[in-house]
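Have a look at the structure below before the remarks.
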Amino acid sequence: MCLAVPGRLIEISDGGDANFRCGKVDFSGIRKEVNLAYTPEAKLGDYVLVHVGFAISVVDEAEAQRTLQYLEEMGRLAEELS
Amino acid sequence: MKFVSEFRDPKMAEGLAQAIRKQVTRPWTIMEICGGQTHTIVKSGIEELLPKAVTLVHGPGCPVCVTPIELIDKAVAISERRDVIFCSFGDMLRVPGSSRSLFDAKAASGDVRIVYSPLDALKLAKANPAKQVVFFAVGFETTAPANAMAVWQADHDGVENFSMLISHVLVPPAMEAILSSDNCRVQGFLAAGHVCTVMGFEEYVPLAKQYKVPIVVTGFEPLDILEGVLMCVSQLEAGRHEVENQYSRAVRREGNRPAQERIADVFEIAPRQWRGLGEIPASGLRLRGRYRNYDADLRFPASGEPAKESPECISGLILQGLKKPHECGAFGVKCTPENPLGAPMVSSEGACAAYYHYGRRKERENTGPELPVAQGF
């Protein structure tokens with residue numbers, strides 16, 4: 001139930017009250033309307049984590065990159081050792 | 001899919017598994033809190049990659065599993081009223097109540113609808129002013145901001161025919177209940193990443209300190225889980241017990257402040273019953289006084305039916321990490337996803353359903369190094 005899926009924010013409709021701020025998020029081709037009240041910092045093109053119709057976090061691309069670099073290094077080491 | 005498929009790379013997984021094998025010198029038992037993590041672990045065969053000395057036990061982080069049977073009975077009773085449209089996430093429909101599930105109620109002409117978001121239920125209420133629309137608000141901290149917003153919007157827009165049957169529970173009190181139990185075998189935790197996306201991880205610091213357990217905030221993809229295990233094992237081997245964040249691409253230390261503010265505006269902390277675990281003090285949420293008129297539990301009178309659990313189901317022991325699903329006599333025989341005796345066999349996050357769907361029927365066979373059995377820390 002705590003499933004949250006990352007998708008790219010492709011449209012923002014700002015309608016005054018921040019509690020009703022919403023936008024469209026693209027999940028590899030599937031597009032859904034999402035409430036953006038909890039991610040006021042989200043910009044077009046950002047990846048947001050979506051849970052039951054709400055964006056609960058903007059994915060930090062730099063952090064994701066850092067983690068992946070570390071994991072790639074681990075993979076490389078494993079290959080060298082095997 | 002970006003930020004998903006990169007975290008499923010088998011070569012990197014092997015690299016992490018090797019790093020874990022190198023670290024481990026003695027047996028450790030680690031609990032992953034969230035049922036979503038349990039599914040990744042069983043589906044991806046992560047335990048087969050780990051050395052035998054590392055045991056993963058599955059935690060209570062399945063909201064469907066811990067919703068008390070009394071509330072399922074109440075949901076069924078409400079859904080059978082002719083003036084009600086009862087809305088729920090799909091997972092809840094087949095959870096067995098004392099005599100019927102919501103699915104049975106739907107088959108017997110109850111207007112039960114599966115919705116994707118609580119805002120969909122609110123939309124239904126606006127479109128059907130002559131009906132009472134009730135949403136089954138089940139979940140952990142991850143789902144609380146969405147449910148809080150639905151109540152806030154209903155109040156803002158004056159939607160009086162909308163209400164919620166609430167079973168909202170909180171993760172840290174459940175972790176504390178597990179840690180303070182006499183037969184606790186958990187030495188480290190993988191904390192639930194999306195719960196921390198909302199709440200941050202400050203509140204885990206006192207737990208780690210008091211019970212001397214490492215707590216690693218962990219994501220949901222196979223590489224996330226393996227890295228979480230590596231971080232946890234490194235702490236255990238070094239005798240450290242800190243809160244660390246593996247899931248830094250989604251979780252900030254302070255969490256999501258606007259979401260926390262909306263939760264605090266709409267909900268207050270209350271004691272809650274957990275199916276299989278009993279009542280835990282200050283472990284859940286209920287509507288604050290000014291929103292109490294949206295509480296379906298108060299709006300609709302009690303069903304009167306005494307709750308009755310299946311005597312064969314050992315889900316309480318499974319949710320505390322004391323037993324594994326395949327150790328249950330009913331597993332896969334009397335209890336299957338088609339005919340579940342307990343909620344963990346129903347939910348997409350339930351440990352029993354994960355074991356059943358991905359073929360875990362016996363103790364794992366493991367090629368990892370054998371280690372002498374030590375007594376914990």
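How things are named: the first chain in the structure tokens is A, the next is B, and so on; residues count from 1 in each chain; ligands count from 1 in the order shown.
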
Inset, instruction - Taking the chain letters and numbering used in this document, name the residues of segment 40-139 of chain B that DSSP puts in strand (DSSP E), as JSON, numbers by chain. - result: {"B": [54, 55, 56, 57, 58, 59, 60, 61, 84, 85, 86, 87, 88, 112, 113, 114, 132, 133, 134, 135, 136, 137, 138, 139]}

Please produce a file of those selected residues containing N, CA and C atoms, as an mmCIF file, in the first residue's frame.
data_model
loop_
_atom_site.group_PDB
_atom_site.id
_atom_site.type_symbol
_atom_site.label_atom_id
_atom_site.label_comp_id
_atom_site.auth_asym_id
_atom_site.auth_seq_id
_atom_site.Cartn_x
_atom_site.Cartn_y
_atom_site.Cartn_z
ATOM 1 N N VAL B 54 22.987 -14.246 7.514
ATOM 2 C CA VAL B 54 22.066 -13.090 7.544
ATOM 3 C C VAL B 54 20.638 -13.584 7.336
ATOM 4 N N THR B 55 19.809 -13.376 8.342
ATOM 5 C CA THR B 55 18.398 -13.763 8.240
ATOM 6 C C THR B 55 17.553 -12.501 8.125
ATOM 7 N N LEU B 56 16.691 -12.492 7.111
ATOM 8 C CA LEU B 56 15.743 -11.380 6.989
ATOM 9 C C LEU B 56 14.399 -11.851 7.532
ATOM 10 N N VAL B 57 13.844 -11.106 8.490
ATOM 11 C CA VAL B 57 12.488 -11.422 8.948
ATOM 12 C C VAL B 57 11.574 -10.279 8.518
ATOM 13 N N HIS B 58 10.329 -10.645 8.310
ATOM 14 C CA HIS B 58 9.414 -9.722 7.662
ATOM 15 C C HIS B 58 8.553 -9.001 8.687
ATOM 16 N N GLY B 59 8.452 -7.700 8.564
ATOM 17 C CA GLY B 59 7.815 -6.876 9.581
ATOM 18 C C GLY B 59 6.331 -6.650 9.377
ATOM 19 N N PRO B 60 5.760 -5.798 10.226
ATOM 20 C CA PRO B 60 4.309 -5.589 10.217
ATOM 21 C C PRO B 60 3.842 -4.528 9.233
ATOM 22 N N GLY B 61 4.715 -4.096 8.309
ATOM 23 C CA GLY B 61 4.393 -2.961 7.450
ATOM 24 C C GLY B 61 3.471 -3.285 6.304
ATOM 25 N N VAL B 84 -25.452 3.766 0.823
ATOM 26 C CA VAL B 84 -23.993 3.972 0.886
ATOM 27 C C VAL B 84 -23.293 3.522 -0.396
ATOM 28 N N ILE B 85 -22.317 4.348 -0.839
ATOM 29 C CA ILE B 85 -21.309 3.884 -1.808
ATOM 30 C C ILE B 85 -20.031 3.723 -0.999
ATOM 31 N N PHE B 86 -19.531 2.498 -0.916
ATOM 32 C CA PHE B 86 -18.356 2.247 -0.090
ATOM 33 C C PHE B 86 -17.119 2.154 -0.983
ATOM 34 N N CYS B 87 -16.130 3.001 -0.722
ATOM 35 C CA CYS B 87 -14.929 3.050 -1.572
ATOM 36 C C CYS B 87 -13.702 2.548 -0.817
ATOM 37 N N SER B 88 -12.862 1.817 -1.523
ATOM 38 C CA SER B 88 -11.686 1.251 -0.866
ATOM 39 C C SER B 88 -10.577 1.044 -1.886
ATOM 40 N N VAL B 112 -19.900 -1.439 -3.618
ATOM 41 C CA VAL B 112 -18.503 -1.329 -3.171
ATOM 42 C C VAL B 112 -17.649 -1.000 -4.390
ATOM 43 N N ARG B 113 -16.872 0.060 -4.303
ATOM 44 C CA ARG B 113 -16.075 0.466 -5.470
ATOM 45 C C ARG B 113 -14.597 0.576 -5.116
ATOM 46 N N ILE B 114 -13.768 0.155 -6.066
ATOM 47 C CA ILE B 114 -12.326 0.273 -5.876
ATOM 48 C C ILE B 114 -11.893 1.627 -6.420
ATOM 49 N N GLN B 132 -24.500 8.402 0.736
ATOM 50 C CA GLN B 132 -23.384 8.565 1.659
ATOM 51 C C GLN B 132 -22.176 7.875 1.024
ATOM 52 N N VAL B 133 -21.078 8.597 0.847
ATOM 53 C CA VAL B 133 -19.874 7.976 0.286
ATOM 54 C C VAL B 133 -18.843 7.809 1.400
ATOM 55 N N VAL B 134 -18.467 6.551 1.635
ATOM 56 C CA VAL B 134 -17.546 6.235 2.731
ATOM 57 C C VAL B 134 -16.248 5.692 2.140
ATOM 58 N N PHE B 135 -15.122 6.257 2.565
ATOM 59 C CA PHE B 135 -13.820 5.772 2.096
ATOM 60 C C PHE B 135 -13.132 5.009 3.226
ATOM 61 N N PHE B 136 -12.612 3.819 2.916
ATOM 62 C CA PHE B 136 -11.906 3.005 3.904
ATOM 63 C C PHE B 136 -10.454 3.505 3.959
ATOM 64 N N ALA B 137 -10.169 4.362 4.940
ATOM 65 C CA ALA B 137 -8.852 5.016 5.021
ATOM 66 C C ALA B 137 -7.892 4.159 5.832
ATOM 67 N N VAL B 138 -7.214 3.287 5.112
ATOM 68 C CA VAL B 138 -6.298 2.348 5.730
ATOM 69 C C VAL B 138 -4.894 2.729 5.308
ATOM 70 N N GLY B 139 -3.942 2.701 6.220
ATOM 71 C CA GLY B 139 -2.581 2.959 5.761
ATOM 72 C C GLY B 139 -1.636 3.411 6.852
#

Inset, instruction - Could you list, as number ranges by chain, the residues of chain B having an atom within 6 Å of chain A when counting only C-alpha atoms? - result: B: 11-12, 15, 116-117, 142, 249-250, 258-259

Inset, instruction - Write out as a list in words the residues lying within 10 Å of Pro10 of chain B, counting only C-alpha atoms and excluding same-chain residues fewer than 6 positions away. - result: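 Answer for this query is Gly75 of chain A; Leu16, Ser44, Pro222 and Leu223 of chain B.
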
Inset, instruction - Would you please work out which residue, of B:Leu50, B:Ala144, B:Ala127, B:Val243, is nearest to His168 of chain B when using only C-alpha atoms? - result: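 Checking each of B:Leu50, B:Ala144, B:Ala127, B:Val243 against His168 of chain B, counting only C-alpha atoms, the winner is B:Ala144.
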
Inset, instruction - Go through B:Gln320, B:Asn293, B:Thr143, B:Gln153 one by one, measure the shortest atom-to-atom distance of each to Lys123 of chain B using only C-alpha atoms, and give the residue with the smallest value. - result: B:Gln153

Inset, instruction - Would you please work out which residue, of B:Leu319, B:Val151, B:Val333, B:Val217, is nearest to Gly350 of chain B when using only C-alpha atoms? - result: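 Among B:Leu319, B:Val151, B:Val333, B:Val217, it is B:Leu319 that comes nearest to Gly350 of chain B.
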
Legend entry - Between atom CA of Ala75 of chain B and atom CA of Ser101 of chain B, distance in Å (one decimal):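 Calculated distance between atom CA of Ala75 of chain B and atom CA of Ser101 of chain B is 8.8 Å.
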
Inset, instruction - Would you list the contacts of Val64 of chain B as a list of chain:residue names, taking every protein, DNA or RNA residue within 10 Å and counting only C-alpha atoms, but skipping same-chain residues closer than 6 positions in sequence? - result: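 Answer for this query is A:Met1, B:Gly35, B:Ile72, B:Phe89, B:Asp91, B:Met92, B:Leu93, B:Val95, B:Val138, B:Gly139, B:Phe140, B:Ser167, B:Arg275, B:Ala343, B:Pro344, B:Val346, B:Ser347, B:Ser348, B:Glu349, B:Gly350.
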
Legend entry - Minimum-distance residue to Trp28 of chain B, chosen among B:Arg81, B:Phe162, B:Leu230, B:Asp120 (using only C-alpha atoms): B:Leu230
